[in-house]
Structures are given as structure tokens and as C-alpha cells.
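Below is one structure, written out as C-alpha cells; the observations come after it.
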Amino acid sequence: MYGGYYSGFYGSGIGGNWFLLLMLALILSAYAQYKVSSSFNKYLKVPSRSGYSGREVARIILDRNGLNHVKIETIGGNLTDHYDPRSEVLRLSRKVYNGSSLAAVSVAAHEVGHAIQHGEGYFPLILRNNIAPIASISSRFVWILIVLGFVISPFLLEVGIILYLAIVLFQVITLPVEFNASKRALLQLEENGVVYSDEIDSSKKVLSAAALTYVAATLVSFIQLLRLLSISGRRR
């Protein structure tokens with residue numbers, strides 16, 4: 001029944017359309033990953049004329065926004081930078097923490113943007129933080145339930161879709177959070193004299209490339225959700 005159903009689904013015009021949309025979204029996602037990596041590596045080689053390191057930039061912006069208590073730590077990996085709202089710690093990868101390139105200061109300022117959001121009680125961030133544990137648990141079990149839904153019971157498929165909906169919701173809420181953090185970052189970089197007016201476009205390119213990855217991931221998840229809903233409807 002499992003194989004027969006999928007044969008029927010992909011044999012139909014609707015199934016072909018979903019597959020084409022999903023492939024296009026996956027191509028966009030791959031392009032977004034390439035874009036953020038290439039933009040980061042490109043501007044990692046371009047020094048900021050202010051000479052501040054990512055850590056120094058983060059400290060300046062944090063202190064000037066009344067967030068003196070937020071600590072800054074290094075973390076391994078590449079582009080693993082993030083703000084932890086639970087411990088109120090800003091974690092920067094070594095290239096960002098120690099680097100004084102336009103890429104380093106831009107990424108550091110973006111993560112500080114999240115700290116400022118947290119300090120101000122920015123509602124989309126609070127909502128995302130509350131949904132994050134649910135989305136994390138859902139990601140572990142969603143595909144197991146969906147596969148079991150084909151093999152054992154359509155009910156398990158519907159439970160899997162509900163869990164997947166939590167993941168999609170998390171990604172949708174992430175979009176305004178990330179765009180707002182980048183907007184704050186650019187404002188803080190310019191207001192605090194970290195980057196000069198002729199450098200701001202380069203910072204925008206770094207942050208815009210990163211934002212594209214979130215857009216692509218959300219699009220892929222949304223199309224996948226619609227496809228799963230279509231499959232569930234046909235199994236009823």
C-alpha cells in the first residue's frame with residue numbers, strides 16, 4: 001500500500017507540481033547556503049577601518065544599550081555565533097570574536113541585536129523562545145511518525161503533521177526576529193562609529209545573505225507542510 005500510494009501520488013499532476021515546487025525551494029536553499037558562505041568569506045578578508053574586533057564591537061554595543069551584564073564567550077565552529085537568552089551570554093565563533101573584518105563586526109552586531117531584543121522584551125523573540133523547545137522535540141520524532149503513518153495508521157501521519165506544523169511556525173516566527181536583529185545591527189554599527197558610511201553596504205550584504213537562508217528554510221518547510229497535508233487528505 002505504501003509503495004502503491006506514492007506511485008499514484010507522483011503519477012498525478014498535483015504530485016508532480018508539489019515535487020517541482022519542493023525541488024525549486026531546495027535549490028534556493030542550497031543557493032542561500034552558498035551565498036552566506038561566500039559573502040562571509042569574502043568580507044572576512046576586508047578589514048573594518050575602525051580596527052575593532054568582533055568582541056570589542058559586541059562589548060561596545062552591549063554597554064551602550066545598558067546590557068553590561070551580558071557576557072561574551074568564544075565558541076567552536078564556523079558561523080556558530082548566537083545569543084543565549086537563558087544564560088544571557090553572547091557566543092561568537094573565533095573568526096568573529098578575534099577578527100576585525102567587516103564580516104566579523106557585522107555578525108557580532110547582529111547577535112548583539114538579539115541581546116537587545118531580549119532586553120527590550122521584543123515579542124516575536126519571546127514567542128520564538130517559547131516555541132523553540134516544542135520545535136526541537138518535534139524535529140526528533142516528526143519523520144518517524146510520518147513514516148509510521150503510512151505503515152501503521154493514518155492517525156500517526158496526522159500527529160506527525162501537527163508536530164511538523166510546530167517546526168514551520170518556529171521558522172516563520174524566526175523571520176521577523178532575524179530581520180529585526182539585522183536592522184538593529186546596522187543602526188548600531190553606524191551610530192557607534194564601528195563602520196563608516198561607505199562600509200555599511202558591505203555589512204548589509206553579509207547580513208542579507210544570512211537572512212536569505214532563513215527565508216529559504218521557511219519556504220522549504222512550508223511547501224513540505226502543504227505536501228504532507230495533501231497526502232493526508234488523500235489517505236482519508
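Labels used: A, B, ... for chains in the order of the C-alpha cells, numbers from 1 for residues in each chain, and numbers from 1 for ligands as shown.
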Contacts of range 210-226 of chain A at 10 Å (only C-alpha atoms; same-chain gap of 2+ positions) as a compact mmCIF listing (two decimals) with N, CA and C atoms, in the first residue's frame:
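Okay, part_16.txt is ready:
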```txt
# COMPACT_ATOMS: atom_id res chain seq x y z
N TRP A 18 3.89 19.49 -6.65
CA TRP A 18 4.50 19.58 -5.32
C TRP A 18 5.98 19.26 -5.40
N PHE A 19 6.30 18.22 -6.16
CA PHE A 19 7.69 17.80 -6.28
C PHE A 19 8.53 18.91 -6.93
N LEU A 21 7.87 22.18 -6.98
CA LEU A 21 7.98 23.29 -6.03
C LEU A 21 9.03 23.00 -4.96
N LEU A 22 9.01 21.76 -4.47
CA LEU A 22 9.96 21.38 -3.42
C LEU A 22 11.40 21.41 -3.95
N MET A 23 11.59 20.95 -5.18
CA MET A 23 12.92 20.98 -5.78
C MET A 23 13.41 22.41 -5.96
N LEU A 24 12.53 23.30 -6.40
CA LEU A 24 12.90 24.70 -6.56
C LEU A 24 13.27 25.33 -5.22
N ALA A 25 12.50 24.99 -4.18
CA ALA A 25 12.79 25.52 -2.84
C ALA A 25 14.12 24.99 -2.33
N LEU A 26 14.41 23.73 -2.60
CA LEU A 26 15.68 23.14 -2.17
C LEU A 26 16.86 23.77 -2.91
N ILE A 27 16.65 24.08 -4.19
CA ILE A 27 17.70 24.77 -4.95
C ILE A 27 17.96 26.15 -4.36
N LEU A 28 16.87 26.86 -4.01
CA LEU A 28 17.01 28.17 -3.37
C LEU A 28 17.75 28.05 -2.04
N SER A 29 17.45 26.99 -1.30
CA SER A 29 18.10 26.77 -0.01
C SER A 29 19.60 26.53 -0.20
N ALA A 30 19.95 25.72 -1.21
CA ALA A 30 21.37 25.46 -1.49
C ALA A 30 22.08 26.75 -1.92
N TYR A 31 21.38 27.54 -2.74
CA TYR A 31 21.96 28.81 -3.17
C TYR A 31 22.17 29.75 -1.99
N ALA A 32 21.19 29.76 -1.08
CA ALA A 32 21.29 30.63 0.11
C ALA A 32 22.48 30.24 0.97
N GLN A 33 22.70 28.94 1.14
CA GLN A 33 23.83 28.48 1.92
C GLN A 33 25.15 28.88 1.26
N TYR A 34 25.18 28.75 -0.06
CA TYR A 34 26.37 29.17 -0.81
C TYR A 34 26.60 30.67 -0.66
N LYS A 35 25.50 31.44 -0.75
CA LYS A 35 25.58 32.89 -0.70
C LYS A 35 26.10 33.37 0.64
N VAL A 36 25.60 32.80 1.74
CA VAL A 36 26.04 33.25 3.06
C VAL A 36 27.50 32.87 3.28
N SER A 37 27.89 31.69 2.81
CA SER A 37 29.28 31.25 2.99
C SER A 37 30.24 32.11 2.16
N SER A 39 29.69 35.19 0.93
CA SER A 39 29.68 36.58 1.39
C SER A 39 30.51 36.73 2.66
N PHE A 40 30.34 35.78 3.58
CA PHE A 40 31.09 35.83 4.83
C PHE A 40 32.59 35.71 4.55
N LEU A 79 30.46 30.16 11.75
CA LEU A 79 29.11 30.71 11.72
C LEU A 79 28.20 30.04 12.74
N VAL A 107 28.53 40.33 11.91
CA VAL A 107 27.93 39.17 12.57
C VAL A 107 27.83 39.42 14.08
N ILE A 161 2.12 15.45 11.26
CA ILE A 161 1.88 16.73 10.60
C ILE A 161 1.71 17.85 11.62
N ILE A 162 1.04 17.55 12.71
CA ILE A 162 0.87 18.55 13.78
C ILE A 162 2.24 18.95 14.35
N TYR A 164 5.06 18.72 12.74
CA TYR A 164 5.76 19.46 11.68
C TYR A 164 5.26 20.90 11.61
N LEU A 165 3.99 21.09 11.91
CA LEU A 165 3.42 22.44 11.93
C LEU A 165 4.13 23.32 12.97
N ILE A 167 7.26 23.07 13.80
CA ILE A 167 8.55 23.42 13.21
C ILE A 167 8.39 24.58 12.23
N VAL A 168 7.37 24.51 11.39
CA VAL A 168 7.11 25.56 10.41
C VAL A 168 6.80 26.88 11.12
N LEU A 169 5.98 26.80 12.16
CA LEU A 169 5.63 28.01 12.93
C LEU A 169 6.87 28.65 13.53
N PHE A 170 7.76 27.82 14.05
CA PHE A 170 9.01 28.33 14.62
C PHE A 170 9.82 29.06 13.55
N GLN A 171 9.90 28.49 12.36
CA GLN A 171 10.69 29.11 11.29
C GLN A 171 10.05 30.40 10.79
N VAL A 172 8.73 30.43 10.73
CA VAL A 172 8.03 31.64 10.30
C VAL A 172 8.27 32.78 11.29
N ILE A 173 8.20 32.47 12.59
CA ILE A 173 8.42 33.49 13.62
C ILE A 173 9.88 33.94 13.62
N THR A 174 10.77 33.04 13.23
CA THR A 174 12.20 33.38 13.18
C THR A 174 12.49 34.50 12.19
N LEU A 175 11.72 34.58 11.11
CA LEU A 175 11.98 35.58 10.06
C LEU A 175 11.98 37.02 10.59
N PRO A 176 10.90 37.49 11.24
CA PRO A 176 10.94 38.88 11.75
C PRO A 176 12.00 39.08 12.82
N GLU A 178 15.01 37.65 12.97
CA GLU A 178 16.31 37.79 12.32
C GLU A 178 16.42 39.10 11.53
N PHE A 179 15.37 39.45 10.81
CA PHE A 179 15.39 40.71 10.05
C PHE A 179 15.52 41.90 10.99
N SER A 182 19.09 42.21 12.33
CA SER A 182 19.99 42.79 11.33
C SER A 182 19.78 44.30 11.20
N LYS A 204 25.59 45.24 4.99
CA LYS A 204 24.24 44.84 4.55
C LYS A 204 24.30 43.56 3.74
N LYS A 205 25.31 43.43 2.89
CA LYS A 205 25.43 42.24 2.04
C LYS A 205 25.67 40.99 2.89
N VAL A 206 26.50 41.12 3.91
CA VAL A 206 26.76 39.99 4.80
C VAL A 206 25.48 39.56 5.51
N LEU A 207 24.74 40.53 6.05
CA LEU A 207 23.54 40.23 6.82
C LEU A 207 22.38 39.80 5.93
N SER A 208 22.30 40.36 4.72
CA SER A 208 21.23 39.97 3.79
C SER A 208 21.41 38.54 3.32
N LEU A 228 2.46 17.42 2.73
CA LEU A 228 2.01 16.44 3.72
C LEU A 228 0.51 16.53 3.96
N LEU A 229 -0.01 17.75 3.98
CA LEU A 229 -1.46 17.93 4.15
C LEU A 229 -2.22 17.35 2.96
N SER A 230 -1.65 17.50 1.76
CA SER A 230 -2.27 16.93 0.58
C SER A 230 -2.28 15.40 0.64
N ILE A 231 -1.16 14.84 1.07
CA ILE A 231 -1.06 13.38 1.21
C ILE A 231 -2.06 12.88 2.25
N SER A 232 -2.14 13.59 3.39
CA SER A 232 -3.06 13.18 4.44
C SER A 232 -4.51 13.22 3.96
```
Can I get the residues of range 150-227 of chain A within 10 Å of range 112-122 of chain A, each with the closest pair of atoms and their distance in Å to one decimal, using only C-alpha atoms, sorted chain first then ascending number, as a Markdown table?
```
| residue | atom | partner | partner_atom | distance |
| --- | --- | --- | --- | --- |
| A:Val177 | CA | A:His114 | CA | 7.9 |
| A:Glu178 | CA | A:His114 | CA | 8.1 |
| A:Phe179 | CA | A:Gly113 | CA | 9.9 |
| A:Asn180 | CA | A:Gly113 | CA | 7.8 |
| A:Ala181 | CA | A:Gly113 | CA | 4.5 |
| A:Ser182 | CA | A:Gly113 | CA | 6.9 |
| A:Lys183 | CA | A:Gly113 | CA | 8.2 |
| A:Arg184 | CA | A:Gly113 | CA | 5.6 |
| A:Ala185 | CA | A:Gly113 | CA | 5.6 |
| A:Leu186 | CA | A:Gly113 | CA | 9.3 |
| A:Leu187 | CA | A:Gly113 | CA | 9.8 |
| A:Gln188 | CA | A:Gly113 | CA | 8.6 |
```
Would you output that residue set with N, CA and C atoms, as a PDB file, in the first residue's frame?
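Now in part.pdb:
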```pdb
ATOM      1  N   VAL A 177      12.284  38.030  13.603  1.00  0.00           N
ATOM      2  CA  VAL A 177      13.313  38.135  14.646  1.00  0.00           C
ATOM      3  C   VAL A 177      14.674  38.398  14.015  1.00  0.00           C
ATOM      4  N   GLU A 178      15.006  37.646  12.968  1.00  0.00           N
ATOM      5  CA  GLU A 178      16.311  37.790  12.319  1.00  0.00           C
ATOM      6  C   GLU A 178      16.421  39.095  11.527  1.00  0.00           C
ATOM      7  N   PHE A 179      15.366  39.450  10.814  1.00  0.00           N
ATOM      8  CA  PHE A 179      15.393  40.708  10.054  1.00  0.00           C
ATOM      9  C   PHE A 179      15.519  41.904  10.987  1.00  0.00           C
ATOM     10  N   ASN A 180      14.813  41.857  12.111  1.00  0.00           N
ATOM     11  CA  ASN A 180      14.875  42.950  13.074  1.00  0.00           C
ATOM     12  C   ASN A 180      16.260  43.052  13.707  1.00  0.00           C
ATOM     13  N   ALA A 181      16.879  41.897  13.998  1.00  0.00           N
ATOM     14  CA  ALA A 181      18.222  41.900  14.585  1.00  0.00           C
ATOM     15  C   ALA A 181      19.234  42.504  13.619  1.00  0.00           C
ATOM     16  N   SER A 182      19.092  42.214  12.330  1.00  0.00           N
ATOM     17  CA  SER A 182      19.994  42.791  11.328  1.00  0.00           C
ATOM     18  C   SER A 182      19.783  44.298  11.205  1.00  0.00           C
ATOM     19  N   LYS A 183      18.526  44.722  11.256  1.00  0.00           N
ATOM     20  CA  LYS A 183      18.227  46.158  11.195  1.00  0.00           C
ATOM     21  C   LYS A 183      18.853  46.891  12.372  1.00  0.00           C
ATOM     22  N   ARG A 184      18.721  46.298  13.551  1.00  0.00           N
ATOM     23  CA  ARG A 184      19.327  46.880  14.744  1.00  0.00           C
ATOM     24  C   ARG A 184      20.850  46.918  14.621  1.00  0.00           C
ATOM     25  N   ALA A 185      21.413  45.847  14.064  1.00  0.00           N
ATOM     26  CA  ALA A 185      22.867  45.748  13.928  1.00  0.00           C
ATOM     27  C   ALA A 185      23.412  46.876  13.056  1.00  0.00           C
ATOM     28  N   LEU A 186      22.791  47.093  11.911  1.00  0.00           N
ATOM     29  CA  LEU A 186      23.256  48.138  11.000  1.00  0.00           C
ATOM     30  C   LEU A 186      23.164  49.516  11.649  1.00  0.00           C
ATOM     31  N   LEU A 187      22.088  49.737  12.381  1.00  0.00           N
ATOM     32  CA  LEU A 187      21.909  51.019  13.071  1.00  0.00           C
ATOM     33  C   LEU A 187      22.988  51.217  14.130  1.00  0.00           C
ATOM     34  N   GLN A 188      23.260  50.167  14.909  1.00  0.00           N
ATOM     35  CA  GLN A 188      24.254  50.251  15.978  1.00  0.00           C
ATOM     36  C   GLN A 188      25.671  50.413  15.419  1.00  0.00           C
TER      37      GLN A 188
END
```
Requested in this report: Mind the document's chain letters and residue numbers, and return as a ChimeraX atom specification the residues of range 53-230 of chain A that DSSP labels strand (DSSP E).
Outcome: /A:71-75,82-84,89-93
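The space separating CA of Lys42 in chain A from CA of Asn78 in chain A comes to 14.2 Å.
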Report summary line: In Å and to one decimal, CA of Leu20 in chain A is distant from CA of Arg140 in chain A by 26.4 Å
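Going from CA of Ser50 in chain A over to CA of Asn192 in chain A, you cover 10.5 Å.
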**Report entry** Using only C-alpha atoms: which of A:Ser138, A:Asn129, A:Asn17, A:Thr80 has the shortest distance to Tyr97 in chain A
**Finding:** A:Thr80
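Of the residues listed (A:Leu102, A:Leu44, A:Asp63, A:Ser139), A:Leu102 shows the shortest atom-to-atom separation from Asp198 in chain A; distances use only C-alpha atoms.
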Requested in this report: Using DSSP on the backbone coordinates, identify the residues of range 16-213 of chain A assigned to helix (DSSP H, G or I); present them as a VMD selection string.
Outcome: chain A and resid 16 to 43 54 to 64 94 to 98 102 to 120 123 to 151 154 to 191 200 to 213
Output for the residues just chosen: C-alpha atoms as a CSV table (one decimal), in the first residue's frame:
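The new file selection35.csv reads:
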```csv
chain,number,residue,atom,x,y,z
A,16,GLY,CA,4.3,16.5,-9.9
A,17,ASN,CA,3.6,20.1,-9.0
A,18,TRP,CA,4.5,19.6,-5.3
A,19,PHE,CA,7.7,17.8,-6.3
A,20,LEU,CA,8.7,20.6,-8.7
A,21,LEU,CA,8.0,23.3,-6.0
A,22,LEU,CA,10.0,21.4,-3.4
A,23,MET,CA,12.9,21.0,-5.8
A,24,LEU,CA,12.9,24.7,-6.6
A,25,ALA,CA,12.8,25.5,-2.8
A,26,LEU,CA,15.7,23.1,-2.2
A,27,ILE,CA,17.7,24.8,-5.0
A,28,LEU,CA,17.0,28.2,-3.4
A,29,SER,CA,18.1,26.8,0.0
A,30,ALA,CA,21.4,25.5,-1.5
A,31,TYR,CA,22.0,28.8,-3.2
A,32,ALA,CA,21.3,30.6,0.1
A,33,GLN,CA,23.8,28.5,1.9
A,34,TYR,CA,26.4,29.2,-0.8
A,35,LYS,CA,25.6,32.9,-0.7
A,36,VAL,CA,26.0,33.3,3.1
A,37,SER,CA,29.3,31.3,3.0
A,38,SER,CA,30.7,33.2,0.0
A,39,SER,CA,29.7,36.6,1.4
A,40,PHE,CA,31.1,35.8,4.8
A,41,ASN,CA,34.4,34.5,3.4
A,42,LYS,CA,34.6,37.5,1.0
A,43,TYR,CA,34.2,40.2,3.7
A,54,GLY,CA,34.1,41.4,16.9
A,55,ARG,CA,34.4,41.0,20.7
A,56,GLU,CA,35.1,44.7,21.1
A,57,VAL,CA,32.2,45.7,18.9
A,58,ALA,CA,29.9,43.4,20.8
A,59,ARG,CA,31.1,44.9,24.1
A,60,ILE,CA,30.7,48.5,22.9
A,61,ILE,CA,27.1,48.0,21.7
A,62,LEU,CA,26.1,45.9,24.7
A,63,ASP,CA,27.4,48.5,27.2
A,64,ARG,CA,25.8,51.4,25.3
A,94,ARG,CA,36.7,32.5,16.9
A,95,LYS,CA,36.9,34.3,13.5
A,96,VAL,CA,34.2,36.7,14.6
A,97,TYR,CA,35.4,37.0,18.2
A,98,ASN,CA,39.0,37.8,17.3
A,102,LEU,CA,33.6,43.7,8.1
A,103,ALA,CA,32.2,40.2,8.2
A,104,ALA,CA,33.2,39.8,11.9
A,105,VAL,CA,31.9,43.1,13.2
A,106,SER,CA,28.6,42.6,11.2
A,107,VAL,CA,27.9,39.2,12.6
A,108,ALA,CA,28.9,40.3,16.1
A,109,ALA,CA,26.5,43.3,15.9
A,110,HIS,CA,23.7,41.0,14.6
A,111,GLU,CA,24.0,38.7,17.6
A,112,VAL,CA,24.0,41.7,19.9
A,113,GLY,CA,20.8,42.7,18.1
A,114,HIS,CA,19.2,39.6,19.6
A,115,ALA,CA,20.5,40.6,23.1
A,116,ILE,CA,18.9,44.0,22.7
A,117,GLN,CA,15.6,42.3,21.6
A,118,HIS,CA,15.8,40.2,24.7
A,119,GLY,CA,16.5,43.2,27.0
A,120,GLU,CA,13.5,45.1,25.5
A,123,PHE,CA,7.6,39.9,21.5
A,124,PRO,CA,8.5,37.8,18.4
A,125,LEU,CA,11.7,36.8,20.2
A,126,ILE,CA,9.8,35.8,23.3
A,127,LEU,CA,7.3,33.8,21.2
A,128,ARG,CA,10.2,32.1,19.3
A,129,ASN,CA,12.0,31.2,22.6
A,130,ASN,CA,8.7,29.7,23.9
A,131,ILE,CA,8.1,27.6,20.8
A,132,ALA,CA,11.8,26.5,20.4
A,133,PRO,CA,11.6,23.5,22.9
A,134,ILE,CA,8.4,22.2,21.2
A,135,ALA,CA,10.0,22.6,17.7
A,136,SER,CA,13.2,20.8,19.0
A,137,ILE,CA,11.2,17.9,20.3
A,138,SER,CA,9.1,17.8,17.1
A,139,SER,CA,12.1,17.6,14.9
A,140,ARG,CA,13.3,14.4,16.6
A,141,PHE,CA,10.1,12.5,16.1
A,142,VAL,CA,8.2,14.0,13.2
A,143,TRP,CA,9.5,11.9,10.4
A,144,ILE,CA,9.3,8.7,12.4
A,145,LEU,CA,5.6,9.4,13.0
A,146,ILE,CA,5.0,10.3,9.3
A,147,VAL,CA,6.6,7.0,8.1
A,148,LEU,CA,4.7,5.0,10.7
A,149,GLY,CA,1.6,6.8,9.5
A,150,PHE,CA,2.0,5.2,6.1
A,151,VAL,CA,2.8,1.7,7.5
A,154,PRO,CA,-3.2,7.5,9.2
A,155,PHE,CA,-3.7,8.8,12.7
A,156,LEU,CA,0.1,8.7,13.2
A,157,LEU,CA,0.6,10.7,10.0
A,158,GLU,CA,-1.8,13.4,11.3
A,159,VAL,CA,0.1,13.6,14.6
A,160,GLY,CA,3.4,13.9,12.6
A,161,ILE,CA,1.9,16.7,10.6
A,162,ILE,CA,0.9,18.5,13.8
A,163,LEU,CA,4.5,18.2,15.0
A,164,TYR,CA,5.8,19.5,11.7
A,165,LEU,CA,3.4,22.4,11.9
A,166,ALA,CA,5.2,23.5,15.1
A,167,ILE,CA,8.6,23.4,13.2
A,168,VAL,CA,7.1,25.6,10.4
A,169,LEU,CA,5.6,28.0,12.9
A,170,PHE,CA,9.0,28.3,14.6
A,171,GLN,CA,10.7,29.1,11.3
A,172,VAL,CA,8.0,31.6,10.3
A,173,ILE,CA,8.4,33.5,13.6
A,174,THR,CA,12.2,33.4,13.2
A,175,LEU,CA,12.0,35.6,10.1
A,176,PRO,CA,10.9,38.9,11.7
A,177,VAL,CA,13.3,38.1,14.6
A,178,GLU,CA,16.3,37.8,12.3
A,179,PHE,CA,15.4,40.7,10.1
A,180,ASN,CA,14.9,42.9,13.1
A,181,ALA,CA,18.2,41.9,14.6
A,182,SER,CA,20.0,42.8,11.3
A,183,LYS,CA,18.2,46.2,11.2
A,184,ARG,CA,19.3,46.9,14.7
A,185,ALA,CA,22.9,45.7,13.9
A,186,LEU,CA,23.3,48.1,11.0
A,187,LEU,CA,21.9,51.0,13.1
A,188,GLN,CA,24.3,50.3,16.0
A,189,LEU,CA,27.3,49.8,13.7
A,190,GLU,CA,26.8,53.3,12.2
A,191,GLU,CA,25.7,55.1,15.3
A,200,ILE,CA,27.6,50.0,5.5
A,201,ASP,CA,26.7,48.4,2.2
A,202,SER,CA,29.2,45.7,2.7
A,203,SER,CA,27.7,44.9,6.1
A,204,LYS,CA,24.2,44.8,4.6
A,205,LYS,CA,25.4,42.2,2.0
A,206,VAL,CA,26.8,40.0,4.8
A,207,LEU,CA,23.5,40.2,6.8
A,208,SER,CA,21.2,40.0,3.8
A,209,ALA,CA,22.9,36.7,2.7
A,210,ALA,CA,22.4,35.3,6.2
A,211,ALA,CA,18.7,36.4,6.1
A,212,LEU,CA,18.2,34.6,2.8
A,213,THR,CA,19.0,31.2,4.4
```
